[in-house]
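The data block below is start_34.pdb; it holds PDB, C-alpha atoms, pLDDT in the B column.
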```
ATOM      1  CA  MET Z 785     -21.691  10.004  14.175  1.00 42.00           C
ATOM      2  CA  SER Z 786     -21.360   7.714  17.167  1.00 46.00           C
ATOM      3  CA  ASP Z 787     -18.700   8.709  19.683  1.00 57.00           C
ATOM      4  CA  ASP Z 788     -17.508   5.098  19.996  1.00 70.00           C
ATOM      5  CA  LYS Z 789     -16.243   4.945  16.415  1.00 81.00           C
ATOM      6  CA  LYS Z 790     -12.527   4.961  15.809  1.00 91.00           C
ATOM      7  CA  LYS Z 791     -11.378   8.190  14.185  1.00 94.00           C
ATOM      8  CA  LEU Z 792      -9.254   8.262  11.068  1.00 97.00           C
ATOM      9  CA  ILE Z 793      -7.489  10.838   8.908  1.00 97.00           C
ATOM     10  CA  ILE Z 794      -6.368   9.861   5.414  1.00 98.00           C
ATOM     11  CA  ILE Z 795      -3.062  11.298   4.172  1.00 98.00           C
ATOM     12  CA  GLY Z 796      -3.370  11.793   0.426  1.00 98.00           C
ATOM     13  CA  ALA Z 797      -6.465  13.272  -1.243  1.00 98.00           C
ATOM     14  CA  SER Z 798      -6.234  11.464  -4.577  1.00 94.00           C
ATOM     15  CA  GLY Z 799      -8.315   8.874  -6.397  1.00 96.00           C
ATOM     16  CA  HIS Z 800      -6.467   6.261  -4.365  1.00 97.00           C
ATOM     17  CA  GLY Z 801      -7.628   8.155  -1.295  1.00 98.00           C
ATOM     18  CA  LYS Z 802     -11.255   7.779  -2.421  1.00 98.00           C
ATOM     19  CA  VAL Z 803     -10.882   4.003  -2.501  1.00 98.00           C
ATOM     20  CA  ILE Z 804      -9.299   3.964   0.941  1.00 98.00           C
ATOM     21  CA  LEU Z 805     -12.093   6.210   2.238  1.00 98.00           C
ATOM     22  CA  ASP Z 806     -14.687   3.635   1.170  1.00 98.00           C
ATOM     23  CA  ILE Z 807     -12.765   0.822   2.875  1.00 98.00           C
ATOM     24  CA  ALA Z 808     -12.357   2.851   6.069  1.00 98.00           C
ATOM     25  CA  LEU Z 809     -16.097   3.544   6.236  1.00 98.00           C
ATOM     26  CA  LEU Z 810     -16.886  -0.136   5.684  1.00 98.00           C
ATOM     27  CA  CYS Z 811     -14.463  -0.953   8.516  1.00 97.00           C
ATOM     28  CA  GLY Z 812     -16.429   1.281  10.875  1.00 96.00           C
ATOM     29  CA  TYR Z 813     -14.164   4.308  11.084  1.00 96.00           C
ATOM     30  CA  GLU Z 814     -15.319   7.881  11.519  1.00 96.00           C
ATOM     31  CA  VAL Z 815     -13.266   9.618   8.834  1.00 97.00           C
ATOM     32  CA  LEU Z 816     -12.554  13.246   9.721  1.00 96.00           C
ATOM     33  CA  GLY Z 817     -11.078  14.075   6.333  1.00 97.00           C
ATOM     34  CA  PHE Z 818      -7.852  14.188   4.366  1.00 98.00           C
ATOM     35  CA  LEU Z 819      -4.444  15.797   4.644  1.00 98.00           C
ATOM     36  CA  ASP Z 820      -2.634  16.726   1.432  1.00 97.00           C
ATOM     37  CA  ASP Z 821       0.266  19.011   0.534  1.00 96.00           C
ATOM     38  CA  ASP Z 822      -1.620  20.395  -2.476  1.00 96.00           C
ATOM     39  CA  ILE Z 823      -3.057  23.515  -0.846  1.00 95.00           C
ATOM     40  CA  THR Z 824      -5.539  24.022  -3.704  1.00 96.00           C
ATOM     41  CA  LEU Z 825      -7.506  20.948  -2.658  1.00 96.00           C
ATOM     42  CA  LYS Z 826     -10.479  21.657  -0.420  1.00 97.00           C
ATOM     43  CA  GLU Z 827     -12.371  18.366  -0.492  1.00 97.00           C
ATOM     44  CA  ASN Z 828     -12.247  14.805  -1.787  1.00 97.00           C
ATOM     45  CA  ALA Z 829     -15.268  12.530  -2.276  1.00 97.00           C
ATOM     46  CA  GLY Z 830     -17.340  14.830  -0.076  1.00 97.00           C
ATOM     47  CA  TYR Z 831     -14.856  14.913   2.813  1.00 98.00           C
ATOM     48  CA  PRO Z 832     -12.795  18.012   3.688  1.00 98.00           C
ATOM     49  CA  VAL Z 833      -9.081  18.428   3.092  1.00 98.00           C
ATOM     50  CA  LEU Z 834      -8.069  19.557   6.560  1.00 96.00           C
ATOM     51  CA  GLY Z 835      -4.624  20.907   5.709  1.00 96.00           C
ATOM     52  CA  VAL Z 836      -1.129  19.787   4.796  1.00 97.00           C
ATOM     53  CA  THR Z 837       0.535  16.584   5.950  1.00 96.00           C
ATOM     54  CA  ALA Z 838       2.557  18.388   8.618  1.00 94.00           C
ATOM     55  CA  LYS Z 839      -0.694  19.046  10.519  1.00 92.00           C
ATOM     56  CA  ALA Z 840      -1.017  15.363  11.453  1.00 92.00           C
ATOM     57  CA  PRO Z 841       0.567  15.747  14.923  1.00 89.00           C
ATOM     58  CA  HIS Z 842      -1.860  18.598  15.654  1.00 86.00           C
ATOM     59  CA  TYR Z 843      -4.810  16.226  15.354  1.00 85.00           C
ATOM     60  CA  VAL Z 844      -3.152  13.692  17.628  1.00 81.00           C
ATOM     61  CA  LYS Z 845      -2.939  16.333  20.362  1.00 73.00           C
ATOM     62  CA  ARG Z 846      -6.379  17.834  19.714  1.00 68.00           C
ATOM     63  CA  GLU Z 847      -8.499  14.683  19.815  1.00 59.00           C
ATOM     64  CA  LYS Z 848      -9.200  13.075  23.186  1.00 57.00           C
ATOM     65  CA  GLU Z 849      -9.762   9.653  21.594  1.00 64.00           C
ATOM     66  CA  LYS Z 850      -7.039   7.690  19.852  1.00 81.00           C
ATOM     67  CA  MET Z 851      -6.538   9.129  16.384  1.00 90.00           C
ATOM     68  CA  GLU Z 852      -5.422   6.817  13.593  1.00 96.00           C
ATOM     69  CA  PHE Z 853      -3.983   7.645  10.180  1.00 97.00           C
ATOM     70  CA  ILE Z 854      -3.562   5.858   6.856  1.00 98.00           C
ATOM     71  CA  LEU Z 855      -1.309   6.717   3.913  1.00 98.00           C
ATOM     72  CA  ALA Z 856      -3.269   6.942   0.657  1.00 98.00           C
ATOM     73  CA  ILE Z 857      -0.200   7.493  -1.495  1.00 97.00           C
ATOM     74  CA  GLY Z 858       0.717   5.146  -4.323  1.00 96.00           C
ATOM     75  CA  ASN Z 859       4.403   6.066  -4.447  1.00 97.00           C
ATOM     76  CA  ASN Z 860       6.285   3.525  -2.336  1.00 98.00           C
ATOM     77  CA  THR Z 861       9.223   5.807  -1.547  1.00 97.00           C
ATOM     78  CA  ILE Z 862       6.952   8.595  -0.311  1.00 97.00           C
ATOM     79  CA  ARG Z 863       5.025   6.183   1.920  1.00 97.00           C
ATOM     80  CA  GLN Z 864       8.314   5.044   3.424  1.00 98.00           C
ATOM     81  CA  LYS Z 865       9.469   8.638   3.970  1.00 97.00           C
ATOM     82  CA  LEU Z 866       6.235   9.710   5.679  1.00 96.00           C
ATOM     83  CA  ASP Z 867       6.120   6.576   7.839  1.00 96.00           C
ATOM     84  CA  GLN Z 868       9.633   7.306   9.088  1.00 95.00           C
ATOM     85  CA  GLU Z 869       9.036  11.040   9.484  1.00 95.00           C
ATOM     86  CA  TYR Z 870       5.742  10.921  11.400  1.00 92.00           C
ATOM     87  CA  LYS Z 871       5.450   8.586  14.363  1.00 88.00           C
ATOM     88  CA  LEU Z 872       1.691   8.182  14.165  1.00 94.00           C
ATOM     89  CA  SER Z 873      -0.773   5.453  15.019  1.00 95.00           C
ATOM     90  CA  TRP Z 874      -1.314   3.780  11.642  1.00 97.00           C
ATOM     91  CA  ALA Z 875      -4.522   1.951  10.813  1.00 97.00           C
ATOM     92  CA  THR Z 876      -4.566  -1.353   8.926  1.00 98.00           C
ATOM     93  CA  LEU Z 877      -7.557  -1.569   6.578  1.00 98.00           C
ATOM     94  CA  ILE Z 878      -8.943  -4.788   5.104  1.00 98.00           C
ATOM     95  CA  HIS Z 879     -11.972  -4.626   2.816  1.00 98.00           C
ATOM     96  CA  PRO Z 880     -14.774  -6.923   4.040  1.00 98.00           C
ATOM     97  CA  LYS Z 881     -14.794  -8.639   0.634  1.00 98.00           C
ATOM     98  CA  ALA Z 882     -11.093  -9.493   0.696  1.00 98.00           C
ATOM     99  CA  VAL Z 883     -10.147 -13.108   1.475  1.00 98.00           C
ATOM    100  CA  ILE Z 884      -7.533 -13.563   4.194  1.00 98.00           C
ATOM    101  CA  GLY Z 885      -6.167 -17.051   4.849  1.00 98.00           C
ATOM    102  CA  ARG Z 886      -5.104 -18.639   8.114  1.00 98.00           C
ATOM    103  CA  GLN Z 887      -1.765 -17.863   9.742  1.00 98.00           C
ATOM    104  CA  THR Z 888      -1.245 -14.723   7.698  1.00 98.00           C
ATOM    105  CA  SER Z 889       0.251 -11.527   9.080  1.00 98.00           C
ATOM    106  CA  ILE Z 890      -0.474  -8.055   7.750  1.00 98.00           C
ATOM    107  CA  GLY Z 891       1.695  -5.135   8.814  1.00 98.00           C
ATOM    108  CA  GLU Z 892       0.654  -1.803  10.262  1.00 98.00           C
ATOM    109  CA  GLY Z 893      -0.555   0.745   7.718  1.00 98.00           C
ATOM    110  CA  THR Z 894      -1.293  -1.812   4.990  1.00 98.00           C
ATOM    111  CA  VAL Z 895      -4.479  -1.622   2.914  1.00 98.00           C
ATOM    112  CA  VAL Z 896      -6.111  -4.716   1.407  1.00 98.00           C
ATOM    113  CA  MET Z 897      -8.727  -3.864  -1.209  1.00 98.00           C
ATOM    114  CA  ALA Z 898     -11.912  -5.500  -2.475  1.00 98.00           C
ATOM    115  CA  GLY Z 899     -11.547  -8.921  -4.045  1.00 98.00           C
ATOM    116  CA  ALA Z 900      -7.921  -9.347  -3.002  1.00 98.00           C
ATOM    117  CA  VAL Z 901      -6.873 -12.810  -1.863  1.00 98.00           C
ATOM    118  CA  ILE Z 902      -4.089 -13.422   0.649  1.00 98.00           C
ATOM    119  CA  ASN Z 903      -3.676 -17.130   1.168  1.00 98.00           C
ATOM    120  CA  PRO Z 904      -2.393 -19.038   4.222  1.00 98.00           C
ATOM    121  CA  SER Z 905       0.972 -18.292   5.823  1.00 98.00           C
ATOM    122  CA  ALA Z 906       1.625 -15.203   3.699  1.00 98.00           C
ATOM    123  CA  LYS Z 907       3.357 -12.324   5.480  1.00 98.00           C
ATOM    124  CA  ILE Z 908       2.701  -8.741   4.360  1.00 98.00           C
ATOM    125  CA  GLY Z 909       4.899  -5.870   5.528  1.00 98.00           C
ATOM    126  CA  ARG Z 910       4.143  -2.321   6.689  1.00 98.00           C
ATOM    127  CA  HIS Z 911       2.324   0.227   4.536  1.00 98.00           C
ATOM    128  CA  CYS Z 912       1.757  -2.129   1.625  1.00 98.00           C
ATOM    129  CA  ILE Z 913      -1.025  -1.802  -0.934  1.00 98.00           C
ATOM    130  CA  ILE Z 914      -2.696  -5.088  -1.858  1.00 98.00           C
ATOM    131  CA  ASN Z 915      -4.880  -3.725  -4.588  1.00 98.00           C
ATOM    132  CA  THR Z 916      -8.213  -4.755  -6.074  1.00 98.00           C
ATOM    133  CA  SER Z 917      -8.529  -8.433  -7.079  1.00 98.00           C
ATOM    134  CA  SER Z 918      -4.829  -9.169  -6.676  1.00 98.00           C
ATOM    135  CA  VAL Z 919      -3.665 -12.590  -5.453  1.00 98.00           C
ATOM    136  CA  VAL Z 920      -0.909 -13.154  -2.900  1.00 98.00           C
ATOM    137  CA  GLU Z 921      -0.572 -16.914  -2.650  1.00 98.00           C
ATOM    138  CA  HIS Z 922       0.483 -19.101   0.252  1.00 98.00           C
ATOM    139  CA  ASP Z 923       3.829 -18.528   1.995  1.00 98.00           C
ATOM    140  CA  ASN Z 924       4.591 -15.252   0.204  1.00 98.00           C
ATOM    141  CA  LEU Z 925       6.881 -12.773   1.968  1.00 98.00           C
ATOM    142  CA  ILE Z 926       6.008  -9.224   0.935  1.00 98.00           C
ATOM    143  CA  GLY Z 927       8.390  -6.525   2.194  1.00 98.00           C
ATOM    144  CA  ASP Z 928       7.496  -3.113   3.570  1.00 98.00           C
ATOM    145  CA  TYR Z 929       6.105  -0.394   1.259  1.00 98.00           C
ATOM    146  CA  VAL Z 930       5.283  -2.798  -1.596  1.00 98.00           C
ATOM    147  CA  HIS Z 931       2.412  -2.116  -4.014  1.00 98.00           C
ATOM    148  CA  ILE Z 932       0.674  -5.127  -5.588  1.00 98.00           C
ATOM    149  CA  SER Z 933      -1.492  -3.595  -8.340  1.00 98.00           C
ATOM    150  CA  PRO Z 934      -5.009  -4.638  -9.431  1.00 98.00           C
ATOM    151  CA  GLY Z 935      -5.222  -8.105 -10.907  1.00 98.00           C
ATOM    152  CA  ALA Z 936      -1.595  -9.049 -10.228  1.00 98.00           C
ATOM    153  CA  VAL Z 937      -0.925 -12.673  -9.282  1.00 98.00           C
ATOM    154  CA  LEU Z 938       1.930 -13.863  -7.067  1.00 98.00           C
ATOM    155  CA  ALA Z 939       2.096 -17.657  -7.022  1.00 98.00           C
ATOM    156  CA  GLY Z 940       3.181 -19.638  -3.972  1.00 98.00           C
ATOM    157  CA  THR Z 941       6.349 -18.996  -1.967  1.00 98.00           C
ATOM    158  CA  VAL Z 942       7.292 -15.716  -3.662  1.00 98.00           C
ATOM    159  CA  THR Z 943       9.441 -13.105  -1.911  1.00 98.00           C
ATOM    160  CA  VAL Z 944       9.130  -9.441  -2.900  1.00 98.00           C
ATOM    161  CA  GLY Z 945      11.664  -6.946  -1.529  1.00 98.00           C
ATOM    162  CA  LYS Z 946      10.674  -3.639   0.023  1.00 98.00           C
ATOM    163  CA  CYS Z 947       9.528  -0.667  -2.077  1.00 98.00           C
ATOM    164  CA  SER Z 948       8.785  -2.879  -5.076  1.00 98.00           C
ATOM    165  CA  HIS Z 949       5.826  -2.380  -7.415  1.00 98.00           C
ATOM    166  CA  ILE Z 950       4.048  -5.248  -9.153  1.00 98.00           C
ATOM    167  CA  GLY Z 951       2.058  -3.780 -12.045  1.00 98.00           C
ATOM    168  CA  ALA Z 952      -1.558  -4.400 -12.987  1.00 98.00           C
ATOM    169  CA  GLY Z 953      -2.107  -7.910 -14.302  1.00 98.00           C
ATOM    170  CA  ALA Z 954       1.534  -8.936 -13.786  1.00 98.00           C
ATOM    171  CA  VAL Z 955       2.372 -12.510 -12.819  1.00 98.00           C
ATOM    172  CA  VAL Z 956       5.192 -13.888 -10.680  1.00 98.00           C
ATOM    173  CA  ILE Z 957       5.512 -17.665 -10.911  1.00 98.00           C
ATOM    174  CA  ASN Z 958       6.096 -19.742  -7.803  1.00 98.00           C
ATOM    175  CA  ASN Z 959       9.269 -19.918  -5.702  1.00 98.00           C
ATOM    176  CA  LEU Z 960      10.820 -16.696  -7.018  1.00 98.00           C
ATOM    177  CA  SER Z 961      12.579 -13.873  -5.201  1.00 98.00           C
ATOM    178  CA  LEU Z 962      12.380 -10.245  -6.361  1.00 98.00           C
ATOM    179  CA  THR Z 963      14.896  -7.847  -4.860  1.00 98.00           C
ATOM    180  CA  GLU Z 964      13.887  -4.521  -3.310  1.00 98.00           C
ATOM    181  CA  ASN Z 965      12.980  -1.596  -5.599  1.00 98.00           C
ATOM    182  CA  THR Z 966      11.848  -3.904  -8.388  1.00 98.00           C
ATOM    183  CA  ILE Z 967       9.208  -2.604 -10.778  1.00 98.00           C
ATOM    184  CA  LEU Z 968       7.422  -5.351 -12.695  1.00 98.00           C
ATOM    185  CA  GLY Z 969       5.452  -3.686 -15.466  1.00 98.00           C
ATOM    186  CA  ALA Z 970       1.771  -4.170 -16.184  1.00 98.00           C
ATOM    187  CA  GLY Z 971       1.097  -7.560 -17.754  1.00 98.00           C
ATOM    188  CA  ALA Z 972       4.690  -8.748 -17.337  1.00 98.00           C
ATOM    189  CA  THR Z 973       5.562 -12.284 -16.246  1.00 98.00           C
ATOM    190  CA  ALA Z 974       8.540 -12.968 -13.994  1.00 98.00           C
ATOM    191  CA  VAL Z 975       9.871 -16.492 -14.602  1.00 98.00           C
ATOM    192  CA  LYS Z 976      13.273 -16.163 -12.887  1.00 98.00           C
ATOM    193  CA  ASP Z 977      14.572 -14.530  -9.724  1.00 98.00           C
ATOM    194  CA  ILE Z 978      15.157 -10.792 -10.052  1.00 98.00           C
ATOM    195  CA  GLY Z 979      18.344  -9.820  -8.255  1.00 97.00           C
ATOM    196  CA  GLN Z 980      18.960  -6.338  -9.651  1.00 97.00           C
ATOM    197  CA  PRO Z 981      16.682  -3.343  -8.959  1.00 97.00           C
ATOM    198  CA  GLY Z 982      15.070  -1.847 -12.024  1.00 97.00           C
ATOM    199  CA  THR Z 983      12.049  -1.963 -14.305  1.00 98.00           C
ATOM    200  CA  TYR Z 984      11.141  -5.276 -15.926  1.00 98.00           C
ATOM    201  CA  VAL Z 985       8.622  -5.653 -18.752  1.00 98.00           C
ATOM    202  CA  GLY Z 986       7.244  -8.302 -21.084  1.00 97.00           C
ATOM    203  CA  THR Z 987       6.828 -12.060 -21.009  1.00 96.00           C
ATOM    204  CA  PRO Z 988       9.230 -13.366 -19.909  1.00 97.00           C
ATOM    205  CA  ALA Z 989      10.139 -10.183 -18.044  1.00 98.00           C
ATOM    206  CA  ARG Z 990      13.331  -8.421 -19.151  1.00 97.00           C
ATOM    207  CA  ARG Z 991      15.058  -5.484 -17.513  1.00 97.00           C
ATOM    208  CA  MET Z 992      14.673  -2.172 -19.311  1.00 93.00           C
ATOM    209  CA  LYS Z 993      18.056  -0.699 -20.211  1.00 84.00           C
ATOM    210  CA  ASP Z 994      18.377   3.014 -19.377  1.00 68.00           C
ATOM    211  CA  GLY Z 995      14.632   3.143 -18.829  1.00 54.00           C
ATOM    212  CA  LYS Z 996      13.902   2.608 -22.543  1.00 59.00           C
ATOM    213  CA  ASN Z 997      14.407  -0.827 -24.061  1.00 58.00           C
ATOM    214  CA  PRO Z 998      14.719  -4.297 -22.540  1.00 60.00           C
ATOM    215  CA  ASP Z 999      18.307  -5.508 -22.322  1.00 56.00           C
ATOM    216  CA  SER Z1000      19.604  -8.970 -23.221  1.00 46.00           C
ATOM    217  CA  GLY Z1001      17.060 -10.543 -20.895  1.00 48.00           C
ATOM    218  CA  GLN Z1002      19.212 -11.215 -17.864  1.00 42.00           C
ATOM    219  CA  LEU Z1003      17.222 -10.948 -14.641  1.00 44.00           C
TER     220      LEU Z1003
END
```
As a first step, turn the structure in this file into structure tokens.
Amino acid sequence: MSDDKKKLIIIGASGHGKVILDIALLCGYEVLGFLDDDITLKENAGYPVLGVTAKAPHYVKREKEKMEFILAIGNNTIRQKLDQEYKLSWATLIHPKAVIGRQTSIGEGTVVMAGAVINPSAKIGRHCIINTSSVVEHDNLIGDYVHISPGAVLAGTVTVGKCSHIGAGAVVINNLSLTENTILGAGATAVKDIGQPGTYVGTPARRMKDGKNPDSGQL
């Protein structure tokens, strides 16, 4: 491979890591391989698993060129923990077939996948996942470590607090605010502000009581 390519190591050798690998290659990176704490893994999608996560600083010291890293881990809390634990140079990856509007900002370590749309004046935090064919409309404020799942739609002027997860196909109508650590289940529709952390399911979305059944419907 050409010596002028930026070098990247992916932390997390999962299926999610395979998708991020493809995006990194399309973005022109030379991917050296993966790091993963499952010591039984030896390769992923034809690229080697180079060792455990704790080896990341070793590669920073070993390589003469600037080494970048990306977190391929779906769990928001773990991404936050690793970001705070390892002071690395984090890549920001945007698939060439994503649509990015004017006056947007996308934080360090965030991945934007194929078919995703981020419309004008949206602000995306650090280490977010804007997954396949999701829509983040104009003037959204997306906190750090948020995962917007495939096919989810956030209408205009929505705020999503850090470490939240918007499930596949979920919808958040315009002008709503979701507090941090909100989980909006797959296919759910948020029609009111969500001010209490928890898991919300259904249409309209209701908070699950004790992780089992929706409660009286108060958001």
Practice problem: Report as number ranges by chain the full result of the PyMOL selection byres ((chain Z and resi 889) around 8) when it is applied to this structure. | Solution: Z: 887-888, 890-891, 905-908
Would you translate the PyMOL selection byres ((chain Z and resi 972) around 9) into the concrete set of residues it matches in this file, as an mmCIF file with C-alpha atoms, in the coordinates of the input?
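Printed below is result11.cif as written:
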```cif
data_model
loop_
_atom_site.group_PDB
_atom_site.id
_atom_site.type_symbol
_atom_site.label_atom_id
_atom_site.label_comp_id
_atom_site.auth_asym_id
_atom_site.auth_seq_id
_atom_site.Cartn_x
_atom_site.Cartn_y
_atom_site.Cartn_z
ATOM 1 C CA ILE Z 950 4.048 -5.248 -9.153
ATOM 2 C CA GLY Z 951 2.058 -3.780 -12.045
ATOM 3 C CA ALA Z 952 -1.558 -4.400 -12.987
ATOM 4 C CA GLY Z 953 -2.107 -7.910 -14.302
ATOM 5 C CA ALA Z 954 1.534 -8.936 -13.786
ATOM 6 C CA VAL Z 955 2.372 -12.510 -12.819
ATOM 7 C CA VAL Z 956 5.192 -13.888 -10.680
ATOM 8 C CA LEU Z 968 7.422 -5.351 -12.695
ATOM 9 C CA GLY Z 969 5.452 -3.686 -15.466
ATOM 10 C CA ALA Z 970 1.771 -4.170 -16.184
ATOM 11 C CA GLY Z 971 1.097 -7.560 -17.754
ATOM 12 C CA THR Z 973 5.562 -12.284 -16.246
ATOM 13 C CA ALA Z 974 8.540 -12.968 -13.994
ATOM 14 C CA TYR Z 984 11.141 -5.276 -15.926
ATOM 15 C CA VAL Z 985 8.622 -5.653 -18.752
ATOM 16 C CA GLY Z 986 7.244 -8.302 -21.084
ATOM 17 C CA THR Z 987 6.828 -12.060 -21.009
ATOM 18 C CA PRO Z 988 9.230 -13.366 -19.909
ATOM 19 C CA ALA Z 989 10.139 -10.183 -18.044
ATOM 20 C CA ARG Z 990 13.331 -8.421 -19.151
#
```
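Atom pair atom CA of Z:Val975 / atom CA of Z:Leu960: separated by 7.6 Å.
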Practice problem: Compile the contact shell of stretch 940-945 of chain Z as a ChimeraX atom specification: residues with an atom at most 8 Å away, counting all atoms listed in the file, same-chain residues fewer than 3 positions apart removed. | Solution: /Z:920-928,930,948,956-966
Could you save those same residues with C-alpha atoms as a PDB file, in the coordinates of the input?
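For reference, again27.pdb as written:
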```pdb
ATOM      1  CA  VAL Z 920      -0.909 -13.154  -2.900  1.00 98.00           C
ATOM      2  CA  GLU Z 921      -0.572 -16.914  -2.650  1.00 98.00           C
ATOM      3  CA  HIS Z 922       0.483 -19.101   0.252  1.00 98.00           C
ATOM      4  CA  ASP Z 923       3.829 -18.528   1.995  1.00 98.00           C
ATOM      5  CA  ASN Z 924       4.591 -15.252   0.204  1.00 98.00           C
ATOM      6  CA  LEU Z 925       6.881 -12.773   1.968  1.00 98.00           C
ATOM      7  CA  ILE Z 926       6.008  -9.224   0.935  1.00 98.00           C
ATOM      8  CA  GLY Z 927       8.390  -6.525   2.194  1.00 98.00           C
ATOM      9  CA  ASP Z 928       7.496  -3.113   3.570  1.00 98.00           C
ATOM     10  CA  VAL Z 930       5.283  -2.798  -1.596  1.00 98.00           C
ATOM     11  CA  SER Z 948       8.785  -2.879  -5.076  1.00 98.00           C
ATOM     12  CA  VAL Z 956       5.192 -13.888 -10.680  1.00 98.00           C
ATOM     13  CA  ILE Z 957       5.512 -17.665 -10.911  1.00 98.00           C
ATOM     14  CA  ASN Z 958       6.096 -19.742  -7.803  1.00 98.00           C
ATOM     15  CA  ASN Z 959       9.269 -19.918  -5.702  1.00 98.00           C
ATOM     16  CA  LEU Z 960      10.820 -16.696  -7.018  1.00 98.00           C
ATOM     17  CA  SER Z 961      12.579 -13.873  -5.201  1.00 98.00           C
ATOM     18  CA  LEU Z 962      12.380 -10.245  -6.361  1.00 98.00           C
ATOM     19  CA  THR Z 963      14.896  -7.847  -4.860  1.00 98.00           C
ATOM     20  CA  GLU Z 964      13.887  -4.521  -3.310  1.00 98.00           C
ATOM     21  CA  ASN Z 965      12.980  -1.596  -5.599  1.00 98.00           C
ATOM     22  CA  THR Z 966      11.848  -3.904  -8.388  1.00 98.00           C
TER      23      THR Z 966
END
```
Quiz prompt | Selection under test: the PyMOL selection byres ((chain Z and resi 804-807) around 8); residues as number ranges by chain | solution = Z: 794, 800-803, 808-811, 815, 856, 877-879, 895, 897
Quiz item: Interatomic distance between atom CA of Z:His949 and atom CA of Z:Asn859?
Solution: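 The value is 9.1 Å.
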Exercise. Could you tell me how far atom CA of Z:Asp822 lies from atom CA of Z:Ser798, in Å and to one decimal?
Key: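 Separation between atom CA of Z:Asp822 and atom CA of Z:Ser798: 10.3 Å.
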Exercise. Would you kindly identify which residues have an atom no farther than 12 Å from (-17.3, 5.2, 15.6), using only C-alpha atoms and the file's own coordinates, and write them out as an NGL selection string?
Key: :Z and (785-792 or 808-816 or 849-851)
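Proximity to Z:Tyr843 was assessed for Z:Gly796, Z:Gly817, Z:Gly830, Z:Pro981 counting only C-alpha atoms; the smallest distance is recorded for Z:Gly817.
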Quiz item: Pick from Z:Gly858, Z:Pro880, Z:Gly982, Z:Gly885: nearest to Z:Ser933, with only C-alpha atoms counted?
Solution: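 Nearest candidate to Z:Ser933 out of Z:Gly858, Z:Pro880, Z:Gly982, Z:Gly885: Z:Gly858.
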Practice problem: List the residues sitting within 10 Å of (4.9, 16.3, -2.2) in the file's frame, using all atoms listed in the file, as a list in words. | Solution: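 Collected hits near the coordinates: Gly796, Asp820, Asp821, Asp822, Val836, Thr837 and Ile862 of chain Z.
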Given 3 Å on each side, where is the centre and what are the edge lengths in Å to one decimal of the axis-aligned box enclosing the listed atoms of stretch 943-948 of chain Z, as AutoDock Vina command-line options?
```
--center_x 10.2 --center_y -6.9 --center_z -2.5 --size_x 8.9 --size_y 18.4 --size_z 11.1
```
Practice problem: Tell me, as a ChimeraX atom specification, which residues lie within 12 Å of Z:Glu869, counting all atoms listed in the file; anything in the same chain fewer than 3 positions away does not count. | Solution: /Z:837-838,840-841,862-866,872
